[in-house]
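Chemist: PDB, C-alpha atoms, pLDDT in the B column, saved as protein29.pdb, coming up:
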ATOM      1  CA  MET A 365       0.000   0.000   0.000  1.00 67.00           C
ATOM      2  CA  TYR A 366       1.280   3.469  -0.988  1.00 77.00           C
ATOM      3  CA  LYS A 367       1.997   5.867   1.878  1.00 82.00           C
ATOM      4  CA  PRO A 368       3.069   9.467   0.992  1.00 81.00           C
ATOM      5  CA  THR A 369       6.132  10.924   2.688  1.00 86.00           C
ATOM      6  CA  ARG A 370       5.891  13.942   4.955  1.00 83.00           C
ATOM      7  CA  ARG A 371       7.482  16.097   2.251  1.00 82.00           C
ATOM      8  CA  GLN A 372       4.864  15.011  -0.302  1.00 80.00           C
ATOM      9  CA  ALA A 373       2.007  15.616   2.147  1.00 79.00           C
ATOM     10  CA  LEU A 374       3.355  19.064   3.053  1.00 77.00           C
ATOM     11  CA  GLY A 375       3.754  19.933  -0.638  1.00 78.00           C
ATOM     12  CA  ALA A 376       0.181  18.885  -1.387  1.00 78.00           C
ATOM     13  CA  ALA A 377      -1.176  20.890   1.556  1.00 77.00           C
ATOM     14  CA  THR A 378       0.826  23.984   0.568  1.00 79.00           C
ATOM     15  CA  GLY A 379      -0.376  23.711  -3.027  1.00 76.00           C
ATOM     16  CA  ALA A 380      -3.996  23.390  -1.908  1.00 75.00           C
ATOM     17  CA  ALA A 381      -3.691  26.413   0.395  1.00 73.00           C
ATOM     18  CA  ALA A 382      -2.117  28.504  -2.370  1.00 72.00           C
ATOM     19  CA  SER A 383      -4.875  27.511  -4.787  1.00 72.00           C
ATOM     20  CA  ILE A 384      -7.568  28.502  -2.297  1.00 76.00           C
ATOM     21  CA  ALA A 385      -5.862  31.850  -1.702  1.00 68.00           C
ATOM     22  CA  LEU A 386      -5.639  32.569  -5.431  1.00 66.00           C
ATOM     23  CA  VAL A 387      -9.296  31.702  -5.964  1.00 65.00           C
ATOM     24  CA  GLY A 388     -10.223  34.008  -3.077  1.00 61.00           C
ATOM     25  CA  MET A 389      -8.172  36.871  -4.556  1.00 58.00           C
ATOM     26  CA  ALA A 390      -9.628  36.370  -8.011  1.00 59.00           C
ATOM     27  CA  SER A 391     -13.201  36.502  -6.713  1.00 56.00           C
ATOM     28  CA  THR A 392     -12.649  39.735  -4.738  1.00 55.00           C
ATOM     29  CA  PRO A 393     -13.909  42.810  -6.623  1.00 56.00           C
ATOM     30  CA  THR A 394     -11.144  45.275  -7.477  1.00 52.00           C
ATOM     31  CA  GLY A 395     -13.220  48.377  -6.776  1.00 48.00           C
ATOM     32  CA  THR A 396     -13.716  47.742  -3.076  1.00 46.00           C
ATOM     33  CA  VAL A 397     -13.758  50.798  -0.858  1.00 47.00           C
ATOM     34  CA  SER A 398     -11.865  50.696   2.406  1.00 46.00           C
ATOM     35  CA  ALA A 399     -13.509  51.943   5.562  1.00 47.00           C
ATOM     36  CA  ALA A 400     -10.303  53.723   6.645  1.00 46.00           C
ATOM     37  CA  PRO A 401     -10.550  57.519   6.921  1.00 48.00           C
ATOM     38  CA  ARG A 402      -9.102  59.374   3.964  1.00 46.00           C
ATOM     39  CA  ASP A 403      -6.083  61.642   4.426  1.00 48.00           C
ATOM     40  CA  GLU A 404      -7.098  65.199   3.592  1.00 46.00           C
ATOM     41  CA  LYS A 405      -3.650  66.032   2.169  1.00 47.00           C
ATOM     42  CA  ALA A 406      -3.648  63.073  -0.217  1.00 48.00           C
ATOM     43  CA  PRO A 407      -4.807  63.720  -3.772  1.00 46.00           C
ATOM     44  CA  ALA A 408      -8.237  62.471  -4.783  1.00 48.00           C
ATOM     45  CA  PRO A 409      -8.329  59.117  -6.554  1.00 48.00           C
ATOM     46  CA  GLY A 410      -7.705  59.615 -10.253  1.00 44.00           C
ATOM     47  CA  ALA A 411      -6.043  63.001  -9.711  1.00 43.00           C
ATOM     48  CA  ALA A 412      -2.500  63.486 -10.924  1.00 44.00           C
ATOM     49  CA  ALA A 413       0.048  63.127  -8.140  1.00 52.00           C
ATOM     50  CA  ALA A 414       2.101  66.284  -7.763  1.00 62.00           C
ATOM     51  CA  GLY A 415       4.915  64.465  -5.990  1.00 73.00           C
ATOM     52  CA  PRO A 416       6.490  65.148  -2.620  1.00 84.00           C
ATOM     53  CA  ALA A 417       6.709  68.718  -1.396  1.00 87.00           C
ATOM     54  CA  PRO A 418      10.110  70.457  -1.472  1.00 90.00           C
ATOM     55  CA  PHE A 419      11.941  70.723   1.836  1.00 90.00           C
ATOM     56  CA  ASP A 420      14.925  72.583   3.299  1.00 92.00           C
ATOM     57  CA  GLU A 421      15.783  71.940   6.929  1.00 90.00           C
ATOM     58  CA  VAL A 422      18.592  71.332   9.376  1.00 92.00           C
ATOM     59  CA  PHE A 423      18.461  67.856  10.903  1.00 89.00           C
ATOM     60  CA  GLN A 424      21.035  66.820  13.516  1.00 89.00           C
ATOM     61  CA  GLY A 425      23.296  69.685  12.435  1.00 89.00           C
ATOM     62  CA  ARG A 426      23.182  68.728   8.730  1.00 90.00           C
ATOM     63  CA  ARG A 427      21.322  70.730   6.094  1.00 91.00           C
ATOM     64  CA  ILE A 428      19.041  68.539   3.997  1.00 91.00           C
ATOM     65  CA  GLN A 429      17.274  69.854   0.924  1.00 92.00           C
ATOM     66  CA  GLY A 430      14.949  68.243  -1.563  1.00 91.00           C
ATOM     67  CA  ALA A 431      12.919  69.348  -4.554  1.00 91.00           C
ATOM     68  CA  PRO A 432      11.656  67.991  -7.857  1.00 88.00           C
ATOM     69  CA  ALA A 433      14.466  67.894 -10.406  1.00 80.00           C
ATOM     70  CA  GLU A 434      14.495  70.179 -13.443  1.00 72.00           C
ATOM     71  CA  ALA A 435      13.827  68.834 -16.933  1.00 42.00           C
ATOM     72  CA  HIS A 436      17.480  69.097 -18.024  1.00 40.00           C
ATOM     73  CA  ALA A 437      18.636  67.196 -14.952  1.00 50.00           C
ATOM     74  CA  HIS A 438      16.070  64.496 -15.726  1.00 46.00           C
ATOM     75  CA  ALA A 439      17.355  64.149 -19.285  1.00 46.00           C
ATOM     76  CA  HIS A 440      20.952  64.035 -18.006  1.00 49.00           C
ATOM     77  CA  ALA A 441      20.086  61.277 -15.549  1.00 49.00           C
ATOM     78  CA  HIS A 442      18.685  59.051 -18.301  1.00 49.00           C
ATOM     79  CA  ALA A 443      22.131  59.078 -19.861  1.00 45.00           C
ATOM     80  CA  HIS A 444      23.382  57.254 -16.756  1.00 47.00           C
ATOM     81  CA  ALA A 445      22.374  53.605 -16.288  1.00 43.00           C
ATOM     82  CA  GLY A 446      18.807  54.151 -15.084  1.00 45.00           C
ATOM     83  CA  GLN A 447      19.589  56.799 -12.458  1.00 45.00           C
ATOM     84  CA  SER A 448      16.353  58.569 -11.636  1.00 47.00           C
ATOM     85  CA  ALA A 449      16.400  62.336 -11.171  1.00 55.00           C
ATOM     86  CA  ALA A 450      12.658  62.817 -10.642  1.00 82.00           C
ATOM     87  CA  TYR A 451      13.464  64.170  -7.186  1.00 86.00           C
ATOM     88  CA  ARG A 452      16.755  65.648  -6.023  1.00 89.00           C
ATOM     89  CA  VAL A 453      17.976  65.418  -2.413  1.00 89.00           C
ATOM     90  CA  SER A 454      21.191  66.830  -0.971  1.00 89.00           C
ATOM     91  CA  ILE A 455      22.894  66.679   2.406  1.00 89.00           C
ATOM     92  CA  ASP A 456      25.180  69.651   3.108  1.00 89.00           C
ATOM     93  CA  GLY A 457      25.122  70.476  -0.616  1.00 88.00           C
ATOM     94  CA  ARG A 458      26.216  66.981  -1.745  1.00 88.00           C
ATOM     95  CA  ASP A 459      23.738  64.929  -3.765  1.00 88.00           C
ATOM     96  CA  LEU A 460      22.122  61.924  -2.121  1.00 87.00           C
ATOM     97  CA  HIS A 461      20.811  59.474  -4.703  1.00 87.00           C
ATOM     98  CA  VAL A 462      17.143  58.690  -3.972  1.00 88.00           C
ATOM     99  CA  MET A 463      14.840  56.349  -5.856  1.00 89.00           C
ATOM    100  CA  HIS A 464      11.060  56.189  -5.990  1.00 89.00           C
ATOM    101  CA  HIS A 465       9.613  52.679  -5.837  1.00 88.00           C
ATOM    102  CA  GLY A 466       6.010  53.407  -6.724  1.00 84.00           C
ATOM    103  CA  LYS A 467       3.603  52.519  -3.952  1.00 84.00           C
ATOM    104  CA  SER A 468       6.282  50.946  -1.781  1.00 85.00           C
ATOM    105  CA  GLY A 469       7.975  54.290  -1.106  1.00 90.00           C
ATOM    106  CA  TRP A 470      11.435  55.821  -1.433  1.00 90.00           C
ATOM    107  CA  SER A 471      14.950  54.572  -0.775  1.00 88.00           C
ATOM    108  CA  SER A 472      18.394  56.165  -0.806  1.00 87.00           C
ATOM    109  CA  ALA A 473      21.874  55.007  -1.715  1.00 86.00           C
ATOM    110  CA  ILE A 474      22.672  54.960   2.014  1.00 86.00           C
ATOM    111  CA  ASN A 475      19.635  52.895   3.094  1.00 85.00           C
ATOM    112  CA  HIS A 476      18.779  51.083  -0.120  1.00 83.00           C
ATOM    113  CA  TYR A 477      17.121  48.076   1.554  1.00 85.00           C
ATOM    114  CA  GLU A 478      14.649  50.206   3.508  1.00 88.00           C
ATOM    115  CA  ARG A 479      11.565  51.974   2.147  1.00 90.00           C
ATOM    116  CA  PHE A 480      10.413  55.371   3.398  1.00 89.00           C
ATOM    117  CA  ALA A 481       7.157  57.254   2.898  1.00 90.00           C
ATOM    118  CA  THR A 482       8.851  60.431   1.593  1.00 89.00           C
ATOM    119  CA  PRO A 483      12.269  61.542   0.352  1.00 89.00           C
ATOM    120  CA  LEU A 484      12.519  63.650   3.530  1.00 90.00           C
ATOM    121  CA  ASP A 485      12.258  60.495   5.662  1.00 91.00           C
ATOM    122  CA  ALA A 486      14.920  58.823   3.480  1.00 89.00           C
ATOM    123  CA  ALA A 487      17.223  61.853   3.874  1.00 90.00           C
ATOM    124  CA  ARG A 488      16.768  62.002   7.661  1.00 91.00           C
ATOM    125  CA  THR A 489      17.575  58.307   7.998  1.00 89.00           C
ATOM    126  CA  ALA A 490      20.615  58.751   5.765  1.00 88.00           C
ATOM    127  CA  VAL A 491      21.866  61.543   8.057  1.00 90.00           C
ATOM    128  CA  ILE A 492      21.473  59.238  11.051  1.00 90.00           C
ATOM    129  CA  SER A 493      23.272  56.400   9.228  1.00 88.00           C
ATOM    130  CA  LEU A 494      26.141  58.619   8.050  1.00 87.00           C
ATOM    131  CA  LYS A 495      27.049  59.528  11.657  1.00 84.00           C
ATOM    132  CA  GLY A 496      28.841  62.705  10.533  1.00 81.00           C
ATOM    133  CA  ALA A 497      30.478  61.309   7.381  1.00 81.00           C
ATOM    134  CA  SER A 498      30.092  63.093   4.049  1.00 81.00           C
ATOM    135  CA  VAL A 499      27.923  61.786   1.245  1.00 80.00           C
ATOM    136  CA  VAL A 500      29.999  60.206  -1.518  1.00 77.00           C
ATOM    137  CA  PRO A 501      28.655  60.995  -4.999  1.00 69.00           C
ATOM    138  CA  PHE A 502      26.689  58.193  -6.681  1.00 66.00           C
ATOM    139  CA  ASP A 503      28.536  56.809  -9.726  1.00 69.00           C
ATOM    140  CA  PRO A 504      26.599  54.074 -11.553  1.00 68.00           C
ATOM    141  CA  THR A 505      29.644  53.248 -13.712  1.00 75.00           C
ATOM    142  CA  ALA A 506      31.884  52.402 -10.742  1.00 63.00           C
TER     143      ALA A 506
END
Will you turn the file into structure tokens for me?

Modeler:
Amino acid sequence: MYKPTRRQALGAATGAAASIALVGMASTPTGTVSAAPRDEKAPAPGAAAAGPAPFDEVFQGRRIQGAPAEAHAHAHAHAHAGQSAAYRVSIDGRDLHVMHHGKSGWSSAINHYERFATPLDAARTAVISLKGASVVPFDPTA
């Protein structure tokens, strides 16, 4: 008489659970409305996102600045291996490379495995991580 191994039984159970989860996701309507209160500062659904607000502040003795990049800087960045210049952040006048990851947030060259809600949060965390060191320019060719 055939008796399945534990590995085979676990694989079958995992496959069944994944199938049930996929069927449940497929049957859920995509236009569901959440009961969570809406943030008044957030743009209305369907409205064009203006992007993060510019900032200029001193944080832990370091001056951090951020603003949307100009059109010529954006064109220049496309010449470099995928470097995004949609938003420009600097710490004490030295550029900090930041990247926007869609809905998952922002990251910086200093904390590239973490996601932050805004470029300001990414810059503040970079200042903390630098512990007084200077930002080294990002060079995608190095």

Chemist: Can you spell out as number ranges by chain the set of residues that the PyMOL selection byres ((chain A and resi 430) around 6) selects in the structure I just provided?

Modeler: A: 418-419, 429, 431, 452-453

Chemist: Apply the PyMOL selection byres ((chain A and resi 475) around 8) to the file shown and report the selected residues as a PyMOL selection string.

Modeler: chain A and resi 471-474+476-478+486+489-490+493

Chemist: So, with all atoms listed in the file as the atoms that count, which of A:Thr482, A:Ala487, A:Gly469, A:Ala433 lies closest to A:Ser454?

Modeler: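 The closest residue to A:Ser454 is A:Ala487.
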
Chemist: Would you mind telling me which residue in A:Gly425, A:Gly466, A:Pro368, A:Pro432 lies nearest to A:Ile492 when using all atoms listed in the file?

Modeler: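 Smallest separation from A:Ile492 among the options: A:Gly425.
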
Chemist: Between A:Val422, A:Leu494, A:Val499, A:Ala382, which is the closest to A:Asp459 once you count all atoms listed in the file?

Modeler: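 Using all atoms listed in the file, the shortest distance to A:Asp459 belongs to A:Val499.
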
Chemist: Distance atom CA of A:Arg458-atom CA of A:Arg479, one decimal place?

Modeler: 21.3 Å

Chemist: Given the choices A:Ala450, A:Ile428, A:Met463, A:Val500, which gets closest to A:Arg488 if the distance is worked out from only C-alpha atoms?

Modeler: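 For A:Arg488, the nearest of the candidates is A:Ile428.
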
Chemist: Return stretch 462-479 of chain A, completed with N, CA and C atoms, as a PDB file, in the frame of the given file.

Modeler:
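Generated file (part-v9.pdb):
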ATOM      1  N   VAL A 462      18.386  59.268  -4.470  1.00 88.00           N
ATOM      2  CA  VAL A 462      17.143  58.690  -3.972  1.00 88.00           C
ATOM      3  C   VAL A 462      16.382  58.079  -5.134  1.00 88.00           C
ATOM      4  N   MET A 463      15.624  57.036  -4.832  1.00 89.00           N
ATOM      5  CA  MET A 463      14.840  56.349  -5.856  1.00 89.00           C
ATOM      6  C   MET A 463      13.409  56.198  -5.374  1.00 89.00           C
ATOM      7  N   HIS A 464      12.466  56.373  -6.305  1.00 89.00           N
ATOM      8  CA  HIS A 464      11.060  56.189  -5.990  1.00 89.00           C
ATOM      9  C   HIS A 464      10.654  54.790  -6.434  1.00 89.00           C
ATOM     10  N   HIS A 465      10.007  54.059  -5.554  1.00 88.00           N
ATOM     11  CA  HIS A 465       9.613  52.679  -5.837  1.00 88.00           C
ATOM     12  C   HIS A 465       8.101  52.545  -5.918  1.00 88.00           C
ATOM     13  N   GLY A 466       7.462  53.483  -6.566  1.00 84.00           N
ATOM     14  CA  GLY A 466       6.010  53.407  -6.724  1.00 84.00           C
ATOM     15  C   GLY A 466       5.301  53.461  -5.388  1.00 84.00           C
ATOM     16  N   LYS A 467       4.397  52.524  -5.182  1.00 84.00           N
ATOM     17  CA  LYS A 467       3.603  52.519  -3.952  1.00 84.00           C
ATOM     18  C   LYS A 467       4.383  52.073  -2.729  1.00 84.00           C
ATOM     19  N   SER A 468       5.542  51.435  -2.943  1.00 85.00           N
ATOM     20  CA  SER A 468       6.282  50.946  -1.781  1.00 85.00           C
ATOM     21  C   SER A 468       7.162  52.020  -1.151  1.00 85.00           C
ATOM     22  N   GLY A 469       7.280  53.187  -1.740  1.00 90.00           N
ATOM     23  CA  GLY A 469       7.975  54.290  -1.106  1.00 90.00           C
ATOM     24  C   GLY A 469       9.276  54.697  -1.776  1.00 90.00           C
ATOM     25  N   TRP A 470      10.165  55.268  -0.977  1.00 90.00           N
ATOM     26  CA  TRP A 470      11.435  55.821  -1.433  1.00 90.00           C
ATOM     27  C   TRP A 470      12.592  55.115  -0.738  1.00 90.00           C
ATOM     28  N   SER A 471      13.731  55.067  -1.403  1.00 88.00           N
ATOM     29  CA  SER A 471      14.950  54.572  -0.775  1.00 88.00           C
ATOM     30  C   SER A 471      16.103  55.481  -1.188  1.00 88.00           C
ATOM     31  N   SER A 472      17.214  55.368  -0.477  1.00 87.00           N
ATOM     32  CA  SER A 472      18.394  56.165  -0.806  1.00 87.00           C
ATOM     33  C   SER A 472      19.581  55.245  -1.010  1.00 87.00           C
ATOM     34  N   ALA A 473      20.661  55.793  -1.518  1.00 86.00           N
ATOM     35  CA  ALA A 473      21.874  55.007  -1.715  1.00 86.00           C
ATOM     36  C   ALA A 473      22.461  54.572  -0.376  1.00 86.00           C
ATOM     37  N   ILE A 474      22.162  55.295   0.683  1.00 86.00           N
ATOM     38  CA  ILE A 474      22.672  54.960   2.014  1.00 86.00           C
ATOM     39  C   ILE A 474      21.854  53.823   2.625  1.00 86.00           C
ATOM     40  N   ASN A 475      20.540  53.893   2.518  1.00 85.00           N
ATOM     41  CA  ASN A 475      19.635  52.895   3.094  1.00 85.00           C
ATOM     42  C   ASN A 475      18.808  52.261   1.974  1.00 85.00           C
ATOM     43  N   HIS A 476      19.476  51.560   1.072  1.00 83.00           N
ATOM     44  CA  HIS A 476      18.779  51.083  -0.120  1.00 83.00           C
ATOM     45  C   HIS A 476      17.913  49.852   0.120  1.00 83.00           C
ATOM     46  N   TYR A 477      17.994  49.221   1.271  1.00 85.00           N
ATOM     47  CA  TYR A 477      17.121  48.076   1.554  1.00 85.00           C
ATOM     48  C   TYR A 477      15.890  48.469   2.364  1.00 85.00           C
ATOM     49  N   GLU A 478      15.795  49.726   2.746  1.00 88.00           N
ATOM     50  CA  GLU A 478      14.649  50.206   3.508  1.00 88.00           C
ATOM     51  C   GLU A 478      13.781  51.076   2.618  1.00 88.00           C
ATOM     52  N   ARG A 479      12.486  51.123   2.885  1.00 90.00           N
ATOM     53  CA  ARG A 479      11.565  51.974   2.147  1.00 90.00           C
ATOM     54  C   ARG A 479      11.015  53.024   3.102  1.00 90.00           C
TER      55      ARG A 479
END
